[in-house]
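Participant: Sharing upload_14.txt, compact mmCIF, C-alpha atoms:
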# COMPACT_ATOMS: atom_id res chain seq x y z
CA MET A 1 -57.78 42.49 -3.88
CA SER A 2 -54.70 44.67 -3.41
CA ASP A 3 -56.52 47.60 -5.03
CA GLY A 4 -59.85 46.74 -3.41
CA VAL A 5 -61.69 48.18 -0.45
CA ASP A 6 -60.46 47.10 2.99
CA ILE A 7 -63.62 45.72 4.61
CA ASP A 8 -64.13 46.49 8.32
CA PHE A 9 -65.30 43.12 9.64
CA GLY A 10 -65.47 44.47 13.20
CA GLU A 11 -64.92 42.74 16.50
CA ASP A 12 -67.01 39.68 15.67
CA GLY A 13 -65.52 39.28 12.20
CA LEU A 14 -68.89 39.80 10.51
CA VAL A 15 -70.57 42.44 8.37
CA PRO A 16 -74.25 42.52 7.40
CA ALA A 17 -74.84 41.76 3.73
CA VAL A 18 -78.00 42.73 1.86
CA ALA A 19 -79.02 40.65 -1.16
CA GLN A 20 -80.89 42.53 -3.88
CA ASP A 21 -82.49 41.03 -6.98
CA ALA A 22 -80.59 42.33 -10.02
CA ASP A 23 -83.69 42.34 -12.21
CA SER A 24 -86.53 43.50 -9.98
CA GLY A 25 -84.48 45.53 -7.51
CA GLU A 26 -86.30 43.78 -4.68
CA VAL A 27 -84.42 43.53 -1.38
CA LEU A 28 -84.38 39.78 -0.81
CA MET A 29 -82.68 39.16 2.53
CA LEU A 30 -80.09 40.25 5.03
CA ALA A 31 -77.49 37.89 6.43
CA TYR A 32 -73.94 38.06 7.72
CA VAL A 33 -70.62 37.61 5.95
CA ASP A 34 -67.12 37.02 7.24
CA ALA A 35 -63.86 37.09 5.27
CA GLU A 36 -64.21 33.40 4.40
CA ALA A 37 -67.75 33.84 3.06
CA LEU A 38 -66.78 36.89 1.02
CA ALA A 39 -63.83 35.03 -0.48
CA ALA A 40 -66.04 32.02 -1.32
CA THR A 41 -68.61 34.33 -2.92
CA ARG A 42 -66.02 36.01 -5.09
CA GLU A 43 -64.34 32.74 -6.06
CA THR A 44 -67.52 30.88 -7.00
CA GLY A 45 -69.86 33.66 -8.08
CA LEU A 46 -72.47 32.16 -5.75
CA ALA A 47 -73.61 33.99 -2.61
CA HIS A 48 -72.07 32.65 0.59
CA TYR A 49 -72.80 33.86 4.10
CA HIS A 50 -71.72 32.92 7.61
CA SER A 51 -74.45 31.29 9.63
CA ARG A 52 -74.40 32.81 13.10
CA SER A 53 -76.62 30.07 14.57
CA ARG A 54 -74.52 27.22 13.16
CA ASP A 55 -71.25 29.21 13.17
CA GLU A 56 -70.27 27.93 9.75
CA LEU A 57 -69.88 28.89 6.11
CA TRP A 58 -73.22 28.73 4.36
CA GLN A 59 -73.82 28.69 0.63
CA LYS A 60 -77.27 30.15 0.01
CA GLY A 61 -79.37 27.52 -1.72
CA GLY A 62 -76.94 24.72 -0.94
CA SER A 63 -79.79 22.47 0.17
CA SER A 64 -82.82 24.09 -1.49
CA GLY A 65 -81.23 24.78 -4.88
CA HIS A 66 -82.28 28.41 -4.50
CA VAL A 67 -78.83 29.76 -5.19
CA GLN A 68 -77.93 33.38 -5.73
CA ARG A 69 -75.65 34.15 -8.69
CA VAL A 70 -73.75 37.27 -7.72
CA GLU A 71 -73.44 39.91 -10.40
CA GLU A 72 -71.72 42.47 -8.22
CA VAL A 73 -70.57 42.92 -4.64
CA ARG A 74 -70.77 46.48 -3.37
CA VAL A 75 -69.52 47.96 -0.12
CA ASP A 76 -70.87 50.98 1.71
CA CYS A 77 -69.06 54.21 2.51
CA ASP A 78 -67.92 52.99 5.94
CA ALA A 79 -66.87 49.61 4.48
CA ASP A 80 -68.85 47.81 7.17
CA ALA A 81 -71.80 46.55 5.13
CA LEU A 82 -72.08 44.71 1.82
CA LEU A 83 -74.61 44.57 -0.99
CA TYR A 84 -74.85 41.43 -3.11
CA VAL A 85 -76.60 42.15 -6.42
CA VAL A 86 -77.87 38.72 -7.41
CA GLU A 87 -79.89 36.59 -9.74
CA GLN A 88 -82.09 34.63 -7.36
CA GLU A 89 -83.05 31.07 -8.25
CA GLY A 90 -86.52 30.23 -6.87
CA GLY A 91 -87.18 32.44 -3.86
CA ALA A 92 -84.85 33.83 -1.24
CA CYS A 93 -87.00 33.07 1.80
CA HIS A 94 -87.33 29.64 3.37
CA THR A 95 -91.04 30.40 3.86
CA GLY A 96 -91.58 30.33 0.09
CA TYR A 97 -91.68 34.05 -0.51
CA GLU A 98 -89.42 35.79 -3.02
CA SER A 99 -88.11 38.04 -0.25
CA CYS A 100 -87.59 37.57 3.46
CA PHE A 101 -89.00 41.10 3.80
CA HIS A 102 -92.52 40.04 2.80
CA ARG A 103 -94.32 41.55 5.81
CA THR A 104 -94.79 45.03 7.17
CA VAL A 105 -94.11 45.59 10.87
CA ASP A 106 -97.88 45.55 11.29
CA GLY A 107 -97.91 41.95 10.08
CA GLU A 108 -99.48 42.63 6.69
CA VAL A 109 -98.15 40.35 3.97
CA VAL A 110 -96.98 42.44 1.01
CA GLY A 111 -94.58 40.03 -0.72
CA GLU A 112 -95.07 37.47 -3.46
CA ARG A 113 -94.90 33.70 -3.09
CA ALA A 114 -92.19 32.06 -5.18
CA PHE A 115 -92.48 28.39 -4.22
CA ASP A 116 -94.08 25.91 -1.85
CA PRO A 117 -91.63 25.27 0.99
CA ASP A 118 -93.13 21.83 1.67
CA GLU A 119 -91.87 20.74 -1.74
CA VAL A 120 -88.35 22.06 -1.20
CA TYR A 121 -87.33 21.39 2.38
CA ASP A 122 -87.40 18.11 4.25
CA ASP A 123 -87.94 19.78 7.59
CA MET B 1 -98.74 47.40 17.68
CA SER B 2 -100.63 44.69 19.50
CA ASP B 3 -101.26 42.92 16.19
CA GLY B 4 -97.83 43.72 14.80
CA VAL B 5 -94.66 41.69 14.50
CA ASP B 6 -92.58 41.26 17.66
CA ILE B 7 -89.15 42.53 16.60
CA ASP B 8 -86.12 40.62 17.94
CA PHE B 9 -83.80 43.46 18.93
CA GLY B 10 -81.21 41.01 20.24
CA GLU B 11 -78.71 41.35 23.05
CA ASP B 12 -77.53 44.82 22.08
CA GLY B 13 -81.04 46.14 21.49
CA LEU B 14 -80.35 46.82 17.80
CA VAL B 15 -81.40 45.44 14.45
CA PRO B 16 -79.89 46.34 11.08
CA ALA B 17 -82.20 48.43 8.91
CA VAL B 18 -81.85 48.74 5.15
CA ALA B 19 -83.17 51.88 3.47
CA GLN B 20 -84.43 51.44 -0.08
CA ASP B 21 -85.56 54.18 -2.46
CA ALA B 22 -89.28 53.72 -3.08
CA ASP B 23 -89.07 55.02 -6.65
CA SER B 24 -85.80 53.67 -8.04
CA GLY B 25 -85.52 50.57 -5.84
CA GLU B 26 -81.92 51.51 -5.10
CA VAL B 27 -80.51 50.26 -1.81
CA LEU B 28 -79.45 53.50 -0.15
CA MET B 29 -77.82 52.62 3.16
CA LEU B 30 -77.70 50.28 6.13
CA ALA B 31 -77.82 51.52 9.69
CA TYR B 32 -79.06 50.28 13.06
CA VAL B 33 -82.39 50.73 14.80
CA ASP B 34 -83.46 50.23 18.39
CA ALA B 35 -86.99 50.28 19.80
CA GLU B 36 -86.81 54.04 20.35
CA ALA B 37 -85.72 54.73 16.76
CA LEU B 38 -88.42 52.47 15.35
CA ALA B 39 -91.06 54.19 17.44
CA ALA B 40 -89.82 57.63 16.34
CA THR B 41 -89.86 56.51 12.71
CA ARG B 42 -93.42 55.28 12.96
CA GLU B 43 -94.63 58.33 14.85
CA THR B 44 -93.05 60.94 12.57
CA GLY B 45 -92.93 59.16 9.21
CA LEU B 46 -89.25 60.18 8.99
CA ALA B 47 -86.48 57.59 9.17
CA HIS B 48 -84.74 57.43 12.53
CA TYR B 49 -81.80 55.22 13.45
CA HIS B 50 -79.61 54.67 16.50
CA SER B 51 -76.10 55.94 16.04
CA ARG B 52 -73.73 53.33 17.42
CA SER B 53 -70.76 55.72 17.47
CA ARG B 54 -72.64 58.47 19.31
CA ASP B 55 -74.99 56.07 21.14
CA GLU B 56 -78.00 58.26 20.50
CA LEU B 57 -81.19 58.57 18.50
CA TRP B 58 -80.45 59.92 15.05
CA GLN B 59 -82.94 61.36 12.59
CA LYS B 60 -81.53 60.85 9.11
CA GLY B 61 -81.11 64.25 7.49
CA GLY B 62 -81.52 66.11 10.75
CA SER B 63 -78.52 68.30 9.97
CA SER B 64 -78.21 67.93 6.18
CA GLY B 65 -81.90 68.18 5.33
CA HIS B 66 -81.59 64.89 3.46
CA VAL B 67 -84.49 63.29 5.26
CA GLN B 68 -86.10 59.99 4.39
CA ARG B 69 -89.90 59.92 4.26
CA VAL B 70 -90.87 56.38 5.16
CA GLU B 71 -93.59 54.83 3.03
CA GLU B 72 -93.40 51.42 4.62
CA VAL B 73 -91.45 49.55 7.28
CA ARG B 74 -90.98 45.86 6.57
CA VAL B 75 -89.53 43.15 8.75
CA ASP B 76 -87.80 39.97 7.66
CA CYS B 77 -88.88 36.39 8.34
CA ASP B 78 -86.75 36.13 11.49
CA ALA B 79 -87.93 39.56 12.69
CA ASP B 80 -84.33 40.61 13.25
CA ALA B 81 -83.84 43.00 10.32
CA LEU B 82 -85.88 45.91 8.98
CA LEU B 83 -86.45 47.45 5.57
CA TYR B 84 -87.37 51.12 5.33
CA VAL B 85 -88.95 51.93 1.97
CA VAL B 86 -88.34 55.65 1.65
CA GLU B 87 -88.52 58.79 -0.39
CA GLN B 88 -85.00 60.14 -0.11
CA GLU B 89 -84.46 63.89 -0.09
CA GLY B 90 -81.12 64.79 -1.72
CA GLY B 91 -78.79 61.82 -1.37
CA ALA B 92 -78.45 59.21 1.36
CA CYS B 93 -74.66 59.23 1.60
CA HIS B 94 -72.66 61.91 3.38
CA THR B 95 -70.12 61.68 0.53
CA GLY B 96 -72.66 63.15 -1.88
CA TYR B 97 -73.72 59.93 -3.59
CA GLU B 98 -77.34 58.83 -3.81
CA SER B 99 -76.41 55.56 -2.10
CA CYS B 100 -73.80 54.61 0.47
CA PHE B 101 -73.28 51.49 -1.68
CA HIS B 102 -71.69 53.43 -4.54
CA ARG B 103 -68.54 51.30 -4.83
CA THR B 104 -67.81 47.70 -5.67
CA VAL B 105 -65.49 45.78 -3.33
CA ASP B 106 -62.82 46.32 -5.99
CA GLY B 107 -63.12 50.07 -5.40
CA GLU B 108 -64.85 50.89 -8.68
CA VAL B 109 -67.37 53.72 -8.34
CA VAL B 110 -70.71 52.60 -9.76
CA GLY B 111 -73.12 55.02 -8.02
CA GLU B 112 -74.45 58.43 -8.98
CA ARG B 113 -73.62 61.73 -7.33
CA ALA B 114 -76.63 63.50 -5.82
CA PHE B 115 -75.09 66.60 -4.24
CA ASP B 116 -71.82 68.35 -3.33
CA PRO B 117 -71.06 67.52 0.32
CA ASP B 118 -69.01 70.72 0.74
CA GLU B 119 -72.20 72.70 0.25
CA VAL B 120 -74.21 70.66 2.76
CA TYR B 121 -71.97 69.87 5.72
CA ASP B 122 -69.96 72.26 7.83
CA ASP B 123 -67.30 69.69 8.61
Please express the file's structure as structure tokens.

Facilitator:
Amino acid sequence: MSDGVDIDFGEDGLVPAVAQDADSGEVLMLAYVDAEALAATRETGLAHYHSRSRDELWQKGGSSGHVQRVEEVRVDCDADALLYVVEQEGGACHTGYESCFHRTVDGEVVGERAFDPDEVYDD
Amino acid sequence: MSDGVDIDFGEDGLVPAVAQDADSGEVLMLAYVDAEALAATRETGLAHYHSRSRDELWQKGGSSGHVQRVEEVRVDCDADALLYVVEQEGGACHTGYESCFHRTVDGEVVGERAFDPDEVYDD
């Protein structure tokens, strides 16, 4: 990455990363990425994030099978946010919706169901 | 908002907010929102954020005229990230591109120019 963009990971070593569906353009989720997760994403072509709650590298879909194949990684003008353009297997949200952004702030459900979470997750 | 979603603004009082073009689906930018900015957005229908560098309420396009008319505000499953679905006037990025995410992490420009920043900004 000698000719690449120098990402500003900030004080906590994390940048927010938005995942967008390459086909539909739908914004699927937002999670956080550190240098390790970005490197793993670029090496494998599968979206990796850093779980803040578990403080560990997290491959999206590692347990559910709902992986994200990354077509392109973009960076914003300030180099402190990323955009993963992905092919989403199944649905992005653990609730069974295609997108984690399936509700308005008023609580109205506007997203589409992709799968039944009871059939995917053990807990 | 008594029947709305209770947003988790976290320790610093901020959540990341993604702005997406309502027509093209393009992811335009990522910035941060506090309770005041969300309230201003909902009251005016124009996207407001909280500037972390200036520590103040910031109406997108307040100086450039490149406002964002908000069609819908969505919240993610954890209620700690927002999605503004917007009609973008001009371009979202101060560099003149439609989107702040106009580069890959390798530095390749993949976005479209929307305006000449020298004609919009004084500095």

Participant: Go through A:Leu14, A:Ala47, A:Val109, A:Val67 and flag the residue nearest chain B, using only C-alpha atoms for the distances.

Facilitator: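 Going through A:Leu14, A:Ala47, A:Val109, A:Val67 one by one, the smallest distance to chain B is for A:Val109.
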
Participant: Pick out the closest residue to Gln59 in chain A from this set: A:Glu87, A:Glu36, A:Asp6, A:Glu108. Count all atoms listed in the file.

Facilitator: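 For Gln59 in chain A, the nearest of the given residues is A:Glu36.
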
Participant: Just to confirm, what's the straight-line distance from CA of Asp76 in chain B to CA of Ala92 in chain A in Å (one decimal)?

Facilitator: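 Distance reported for this atom pair: 11.2 Å.
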
Participant: Show which residues sit within 10 Å of range 37-43 of chain B, as a PyMOL selection string. Count all atoms listed in the file, and ignore same-chain residues fewer than 6 positions away.

Facilitator: (chain A and resi 105) or (chain B and resi 14-15+17+49-51+56-59+68-73+82+84)

Participant: Write out as JSON lines a residue-level contact list of chain A versus chain B with cut-off 6 Å: for each qualifying residue the closest pair of atoms and the distance in Å to one decimal, counting only C-alpha atoms, rows sorted by chain and residue number upward.

Facilitator:
{"residue": "A:Gly4", "atom": "CA", "partner": "B:Asp106", "partner_atom": "CA", "distance": 4.0}
{"residue": "A:Val5", "atom": "CA", "partner": "B:Val105", "partner_atom": "CA", "distance": 5.3}
{"residue": "A:Gly25", "atom": "CA", "partner": "B:Gly25", "partner_atom": "CA", "distance": 5.4}
{"residue": "A:Val73", "atom": "CA", "partner": "B:Thr104", "partner_atom": "CA", "distance": 5.6}
{"residue": "A:Arg74", "atom": "CA", "partner": "B:Thr104", "partner_atom": "CA", "distance": 3.9}
{"residue": "A:Val75", "atom": "CA", "partner": "B:Phe101", "partner_atom": "CA", "distance": 5.4}
{"residue": "A:Asp76", "atom": "CA", "partner": "B:Phe101", "partner_atom": "CA", "distance": 4.2}
{"residue": "A:Cys77", "atom": "CA", "partner": "B:Cys100", "partner_atom": "CA", "distance": 5.2}
{"residue": "A:Cys100", "atom": "CA", "partner": "B:Asp76", "partner_atom": "CA", "distance": 4.8}
{"residue": "A:Phe101", "atom": "CA", "partner": "B:Asp76", "partner_atom": "CA", "distance": 4.2}
{"residue": "A:Arg103", "atom": "CA", "partner": "B:Arg74", "partner_atom": "CA", "distance": 5.5}
{"residue": "A:Thr104", "atom": "CA", "partner": "B:Arg74", "partner_atom": "CA", "distance": 3.9}
{"residue": "A:Val105", "atom": "CA", "partner": "B:Arg74", "partner_atom": "CA", "distance": 5.3}
{"residue": "A:Asp106", "atom": "CA", "partner": "B:Gly4", "partner_atom": "CA", "distance": 4.0}
{"residue": "A:Gly107", "atom": "CA", "partner": "B:Gly4", "partner_atom": "CA", "distance": 5.0}

Participant: Next, dump the selected residues to file, keeping only C-alpha atoms, as a PDB file, in the coordinates of the input.

Facilitator:
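Final output, part18.pdb:
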ATOM      1  CA  GLY A   4     -59.850  46.740  -3.410  1.00  0.00           C
ATOM      2  CA  VAL A   5     -61.690  48.180  -0.450  1.00  0.00           C
ATOM      3  CA  GLY A  25     -84.480  45.530  -7.510  1.00  0.00           C
ATOM      4  CA  VAL A  73     -70.570  42.920  -4.640  1.00  0.00           C
ATOM      5  CA  ARG A  74     -70.770  46.480  -3.370  1.00  0.00           C
ATOM      6  CA  VAL A  75     -69.520  47.960  -0.120  1.00  0.00           C
ATOM      7  CA  ASP A  76     -70.870  50.980   1.710  1.00  0.00           C
ATOM      8  CA  CYS A  77     -69.060  54.210   2.510  1.00  0.00           C
ATOM      9  CA  CYS A 100     -87.590  37.570   3.460  1.00  0.00           C
ATOM     10  CA  PHE A 101     -89.000  41.100   3.800  1.00  0.00           C
ATOM     11  CA  ARG A 103     -94.320  41.550   5.810  1.00  0.00           C
ATOM     12  CA  THR A 104     -94.790  45.030   7.170  1.00  0.00           C
ATOM     13  CA  VAL A 105     -94.110  45.590  10.870  1.00  0.00           C
ATOM     14  CA  ASP A 106     -97.880  45.550  11.290  1.00  0.00           C
ATOM     15  CA  GLY A 107     -97.910  41.950  10.080  1.00  0.00           C
TER      16      GLY A 107
END

Participant: CA of Asp23 in chain B and CA of Gly62 in chain B, how far apart in Å?

Facilitator: 22.0 Å

Participant: What separation in Å, quoted to one decimal, exists between CA of Phe115 in chain B and CA of His48 in chain B?

Facilitator: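 Atom-to-atom, CA of Phe115 in chain B to CA of His48 in chain B, that is 21.4 Å.
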
Participant: Of the candidates B:Val85, B:Gly10, B:Thr44, B:Gly91, which shows the shortest atom-to-atom distance to Gly61 in chain B, using all atoms listed in the file?

Facilitator: B:Gly91

Participant: With distances taken over only C-alpha atoms, which of A:Glu89, A:Gly96, A:Gly111, A:Gly65 is nearest to Ala22 in chain A?

Facilitator: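 Ranking A:Glu89, A:Gly96, A:Gly111, A:Gly65 by distance to Ala22 in chain A, first place goes to A:Glu89.
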
Participant: Considering all atoms listed in the file, can you say which of A:Val33, A:Ser63, A:Glu11, A:Val86 comes closest to Leu46 in chain A?

Facilitator: A:Val86
